[in-house]
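Report on the following structure.
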Amino acid sequence: AEVEETLKRIQAHKGVVGTIVVNAEGIPIRTTLDNSTTVQYAGLLHQLTMKARSTVRDIDPQNDLTFLRIRSKKHEIMVAPDKEYLLIVIQNPCE
Amino acid sequence: AMFADGSAGSVDVGSLWRRDRSARCEAKSCQTGPIATAEAAVQAGRKREAGVQTEQGCPGLPAPGSLQEGPTDAAHLLSFLQRVEDTVIKELSKNCRSHAFDGFEVNWTDQSETVLCLHTLSYPEAQHRKLQVTGVSWNATGAVIACSYGRLDDGDWSTEKSYVCTWNLDRRGLNPQRPDLVVDAPSSVMCLAFHPSKPSLIAGGLFSGEVVVWDTSRTEDPLISRTGMTDDTHTDPVYQQVNWLPDGKHRNHFHLLSTSTDGKILVWREERDGRLVLAEGFALVAQQIPRSIRLRKPAWGEAAVGVTSLSFSHFDPRVFVVGVEGGFALKCSTAAGTEAPLRPGCSLPLRAPAELAFSPHGGPVYSVSCSPFHRQVLGKHRASEMFFLSRNLFLSCGTDGHVHLHSMLQAQPLVSVQLSKNYLFCVRWSPVRPLVFAAASGEGKDTCLCFKGEVQLFDFEKSAQKAALSIKQAPGESPVYCLEFNIKQPQLLAAGDATGAVHVWQLSSDFTEQGPREMKHLEQLASEVTD
């Protein structure tokens, strides 16, 4: 289906280690990683995204979170938030 | 006259009158301590039954790649993805080309630049008897270090007692000359290993060929199991290696594995009466070594190949690497089926585990160590299957002063480093930095201009030819026989030497923090496999 095509395009991008789609309750519904890693990423990033969103809106109620990026020593985690879903992409920065 | 008057002394007989007896009595009294009482009340509440049951496939977590949502949700999902796809792809591309973070590193902890000797532990009585430290081990919590005393330079049979000493480094009143616990052993202890999850159990291999287990939390008699001297036990000293193995069937039970120069690798199971009983065993015989390299033909029948060290792969519990006296390493598997030639008196048939022989060193191999970091290629055949291709790396070192880095896939070493002209007794990978290992060196034939008794730290990232750091263990020239990293506190490295002292070194931050591209470098090293 088209959903799979879109996810495959994202996963095929240079350096992408994994892609996870999480629903509004924090439950992963699509993933390319193994179960335990997926559950860990989904739970933790869902909470962090909610916290980031509330931080942005507390500072300015007219503002809202559009994108979240976390850079760590080993890779970069990108979160695209939405009302119903969350798209998490983990990428190894290409050297 | 034969008889004459004489007088004898008088004899007293004690009086049995009760009055007299009571004169020798003492008054005593006793009283029990006050009995503490407390009021307490308990009341049973009302209860209600309720049941919960999970289903076989958790609906929120499908196997990767399988479709889960109903048609309406798929439409929402699709529109969401279409909305975010462009943004995400743009960010991913930007990230690839970005130089924003080049060379940017954050220090979360204080960096220490130097290597310190934190403690020098020793047991004076063992030192008086000129015993050497033959093995060190950290316990499961990383707070206690134990060392075994014995002799490594004795060629002939010895029955002298020796000791196992433990120190708790977190204790405030730590006295480096006085171990917290000293356990007497009936003969020289050649190696020891703490249990991986129970912090008080230690297993030790003795010069007599026995394997024993001590429980350091028992004060009266720490010895809890032993193999005894049966037909099954080793006939040669258990040099170098005693390991705890997780039991395949029961997760929390562990078996003990011991190796010895008689060529046997035995797995022991603990029985309730304090005996260690043979669960399974392997024997290495020269005839059954895979002939990928040329070996000198043994002078007589089936020569046993003496095992000096063993290391299990961290990722496939059935695969292990063995170092032998003949100077090479062997890749073995516990799943091997062929039987070794029958030994007299052995209660279980022993199997021949060797699958691949690696190219030899110039002398006996004393230590092997499998890397805890490896490369895992994850792929999917079908939606429900994943396969792993792991190329395990391991190190081997021996009396030729060389360390070989091998991949389990080929016989030739990937890298061969000459660390020193002395014997190398022990080599261990660092538990945190995939490119770092430590080696302990000792006596050698070339006595001029060589530093004996060193711990050398090698970093593949800095140099592929010489050691990044050499630590001279002690003044004088006594060889260092064993070393172990502390898994829970990876900046600590313990090394035991022939003077009977254990030094605990604190390493500088470059040896304890993983760099951002280290795993990639390791993978590159591993993939230099010549096809």
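Chain labels run A, B, ... following the order of the structure tokens; each chain numbers its residues from 1, and ligands are numbered from 1 in the order shown.
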Compile a residue-level contact table for segment 20-44 of chain A against segment 73-92 of chain A at a cut-off of 8 Å, reporting for every qualifying residue the shortest atom pair and its distance in Å to one decimal, with only C-alpha atoms counted, rows ordered by chain and ascending number, as a Markdown table.
| residue | atom | partner | partner_atom | distance |
| --- | --- | --- | --- | --- |
| A:Ile20 | CA | A:Ile88 | CA | 5.0 |
| A:Val21 | CA | A:Leu87 | CA | 4.7 |
| A:Val22 | CA | A:Leu86 | CA | 4.9 |
| A:Asn23 | CA | A:Tyr85 | CA | 4.4 |
| A:Ala24 | CA | A:Glu84 | CA | 4.9 |
Can you list every residue in segment 1-88 of chain A that DSSP puts in strand (DSSP E), as a list in words?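 Listing strand (DSSP E) positions across segment 1-88 of chain A yields Val16, Val17, Gly18, Thr19, Ile20, Val21, Val22, Asn23, Pro28, Ile29, Arg30, Thr31, Leu68, Arg69, Ile70, Arg71, Glu76, Ile77, Met78, Val79, Ala80, Pro81, Tyr85, Leu86, Leu87 and Ile88 of chain A.
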Compute the set of chain A residues within 6 Å of chain B, using only C-alpha atoms, and express it as number ranges by chain. A: 3, 27, 31-32, 73-74, 93-94
Set the distance at 12 Å and use only C-alpha atoms: which residues neighbour Ala438 of chain B once local chain neighbours fewer than 6 positions away are removed? I'd like the list as JSON, numbers by chain. {"B": [367, 368, 369, 395, 396, 397, 403, 419, 424, 425, 426, 427, 428, 429, 430, 431, 454, 455, 456, 457, 458, 459, 460, 467, 468, 469, 470, 471, 480, 482, 483, 484, 485, 492, 493, 494, 495, 505, 507, 511]}
When DSSP is applied to the backbone of this structure, which of segment 12-93 of chain A are assigned alpha helix (DSSP H)? Write them out as number ranges by chain. A: 35-59
Output of the above residues as a PDB file, in the first residue's frame, restricted to N, CA and C atoms:
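Dumped everything to again11.pdb:
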ATOM      1  N   ASN A  35      11.392  -5.653  18.333  1.00  0.00           N
ATOM      2  CA  ASN A  35      10.319  -5.292  19.270  1.00  0.00           C
ATOM      3  C   ASN A  35      10.774  -4.518  20.494  1.00  0.00           C
ATOM      4  N   SER A  36      11.796  -5.024  21.168  1.00  0.00           N
ATOM      5  CA  SER A  36      12.150  -4.373  22.443  1.00  0.00           C
ATOM      6  C   SER A  36      12.675  -2.969  22.206  1.00  0.00           C
ATOM      7  N   THR A  37      13.505  -2.790  21.163  1.00  0.00           N
ATOM      8  CA  THR A  37      14.014  -1.448  20.878  1.00  0.00           C
ATOM      9  C   THR A  37      12.878  -0.521  20.519  1.00  0.00           C
ATOM     10  N   THR A  38      11.939  -1.017  19.699  1.00  0.00           N
ATOM     11  CA  THR A  38      10.810  -0.192  19.271  1.00  0.00           C
ATOM     12  C   THR A  38      10.007   0.286  20.469  1.00  0.00           C
ATOM     13  N   VAL A  39       9.703  -0.638  21.367  1.00  0.00           N
ATOM     14  CA  VAL A  39       8.888  -0.264  22.531  1.00  0.00           C
ATOM     15  C   VAL A  39       9.607   0.787  23.355  1.00  0.00           C
ATOM     16  N   GLN A  40      10.923   0.618  23.493  1.00  0.00           N
ATOM     17  CA  GLN A  40      11.686   1.592  24.279  1.00  0.00           C
ATOM     18  C   GLN A  40      11.632   2.971  23.638  1.00  0.00           C
ATOM     19  N   TYR A  41      11.954   3.026  22.339  1.00  0.00           N
ATOM     20  CA  TYR A  41      11.951   4.307  21.649  1.00  0.00           C
ATOM     21  C   TYR A  41      10.570   4.946  21.714  1.00  0.00           C
ATOM     22  N   ALA A  42       9.531   4.139  21.445  1.00  0.00           N
ATOM     23  CA  ALA A  42       8.176   4.704  21.366  1.00  0.00           C
ATOM     24  C   ALA A  42       7.776   5.326  22.686  1.00  0.00           C
ATOM     25  N   GLY A  43       7.954   4.571  23.762  1.00  0.00           N
ATOM     26  CA  GLY A  43       7.524   5.083  25.062  1.00  0.00           C
ATOM     27  C   GLY A  43       8.270   6.341  25.463  1.00  0.00           C
ATOM     28  N   LEU A  44       9.603   6.276  25.350  1.00  0.00           N
ATOM     29  CA  LEU A  44      10.407   7.402  25.823  1.00  0.00           C
ATOM     30  C   LEU A  44      10.202   8.632  24.967  1.00  0.00           C
ATOM     31  N   LEU A  45      10.175   8.450  23.633  1.00  0.00           N
ATOM     32  CA  LEU A  45      10.068   9.634  22.777  1.00  0.00           C
ATOM     33  C   LEU A  45       8.672  10.217  22.820  1.00  0.00           C
ATOM     34  N   HIS A  46       7.667   9.397  23.023  1.00  0.00           N
ATOM     35  CA  HIS A  46       6.317   9.940  23.149  1.00  0.00           C
ATOM     36  C   HIS A  46       6.254  10.894  24.320  1.00  0.00           C
ATOM     37  N   GLN A  47       6.794  10.452  25.461  1.00  0.00           N
ATOM     38  CA  GLN A  47       6.797  11.325  26.643  1.00  0.00           C
ATOM     39  C   GLN A  47       7.585  12.598  26.381  1.00  0.00           C
ATOM     40  N   LEU A  48       8.756  12.444  25.769  1.00  0.00           N
ATOM     41  CA  LEU A  48       9.597  13.607  25.533  1.00  0.00           C
ATOM     42  C   LEU A  48       8.932  14.586  24.593  1.00  0.00           C
ATOM     43  N   THR A  49       8.251  14.062  23.565  1.00  0.00           N
ATOM     44  CA  THR A  49       7.567  14.937  22.615  1.00  0.00           C
ATOM     45  C   THR A  49       6.449  15.705  23.305  1.00  0.00           C
ATOM     46  N   MET A  50       5.711  15.032  24.159  1.00  0.00           N
ATOM     47  CA  MET A  50       4.639  15.725  24.879  1.00  0.00           C
ATOM     48  C   MET A  50       5.212  16.825  25.752  1.00  0.00           C
ATOM     49  N   LYS A  51       6.337  16.521  26.393  1.00  0.00           N
ATOM     50  CA  LYS A  51       6.971  17.513  27.256  1.00  0.00           C
ATOM     51  C   LYS A  51       7.481  18.683  26.428  1.00  0.00           C
ATOM     52  N   ALA A  52       8.091  18.380  25.281  1.00  0.00           N
ATOM     53  CA  ALA A  52       8.614  19.446  24.433  1.00  0.00           C
ATOM     54  C   ALA A  52       7.474  20.323  23.945  1.00  0.00           C
ATOM     55  N   ARG A  53       6.378  19.678  23.566  1.00  0.00           N
ATOM     56  CA  ARG A  53       5.231  20.436  23.065  1.00  0.00           C
ATOM     57  C   ARG A  53       4.668  21.350  24.135  1.00  0.00           C
ATOM     58  N   SER A  54       4.527  20.831  25.347  1.00  0.00           N
ATOM     59  CA  SER A  54       3.965  21.671  26.397  1.00  0.00           C
ATOM     60  C   SER A  54       4.930  22.789  26.758  1.00  0.00           C
ATOM     61  N   THR A  55       6.229  22.549  26.649  1.00  0.00           N
ATOM     62  CA  THR A  55       7.196  23.615  26.901  1.00  0.00           C
ATOM     63  C   THR A  55       7.001  24.761  25.917  1.00  0.00           C
ATOM     64  N   VAL A  56       6.905  24.410  24.631  1.00  0.00           N
ATOM     65  CA  VAL A  56       6.752  25.440  23.597  1.00  0.00           C
ATOM     66  C   VAL A  56       5.465  26.226  23.820  1.00  0.00           C
ATOM     67  N   ARG A  57       4.370  25.520  24.130  1.00  0.00           N
ATOM     68  CA  ARG A  57       3.086  26.208  24.276  1.00  0.00           C
ATOM     69  C   ARG A  57       3.007  27.004  25.558  1.00  0.00           C
ATOM     70  N   ASP A  58       3.747  26.577  26.592  1.00  0.00           N
ATOM     71  CA  ASP A  58       3.743  27.367  27.827  1.00  0.00           C
ATOM     72  C   ASP A  58       4.434  28.699  27.614  1.00  0.00           C
ATOM     73  N   ILE A  59       5.518  28.677  26.843  1.00  0.00           N
ATOM     74  CA  ILE A  59       6.236  29.925  26.618  1.00  0.00           C
ATOM     75  C   ILE A  59       5.374  30.882  25.790  1.00  0.00           C
TER      76      ILE A  59
END
What gap, in Å, lies between atom CA of Arg171 of chain B and atom CA of Ala193 of chain B? 21.3 Å
Find the residues around segment 115-129 of chain B up to 8 Å (only C-alpha atoms counted), leave out those fewer than 3 positions away in its own chain, and share them as a list in words. Gln132, Tyr149, Ser162, Tyr163, Cys165, Pro176, Gln177, Arg178, Pro179, Thr499, Gly500, Ala501, Val502, His503, Val504, Trp505, Gln506, Leu507 and Ser508 of chain B
Compile the contact shell of segment 318-320 of chain B as a PyMOL selection string: residues with an atom at most 9 Å away, counting only C-alpha atoms, same-chain residues fewer than 5 positions apart removed. chain B and resi 310-313+330-335+370
Preceding selection exported with C-alpha atoms as a PDB file, in the first residue's frame:
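Output file part01.pdb follows:
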ATOM      1  CA  LEU B 310      38.996 -20.283  26.849  1.00  0.00           C
ATOM      2  CA  SER B 311      36.595 -17.513  25.989  1.00  0.00           C
ATOM      3  CA  PHE B 312      32.937 -17.714  25.090  1.00  0.00           C
ATOM      4  CA  SER B 313      31.430 -15.653  22.345  1.00  0.00           C
ATOM      5  CA  LEU B 330      40.583 -23.153  17.973  1.00  0.00           C
ATOM      6  CA  LYS B 331      37.022 -22.250  17.318  1.00  0.00           C
ATOM      7  CA  CYS B 332      34.749 -24.730  19.050  1.00  0.00           C
ATOM      8  CA  SER B 333      31.086 -25.333  19.471  1.00  0.00           C
ATOM      9  CA  THR B 334      29.149 -26.920  22.283  1.00  0.00           C
ATOM     10  CA  ALA B 335      26.830 -28.388  19.709  1.00  0.00           C
ATOM     11  CA  CYS B 370      36.226 -12.568  22.628  1.00  0.00           C
TER      12      CYS B 370
END
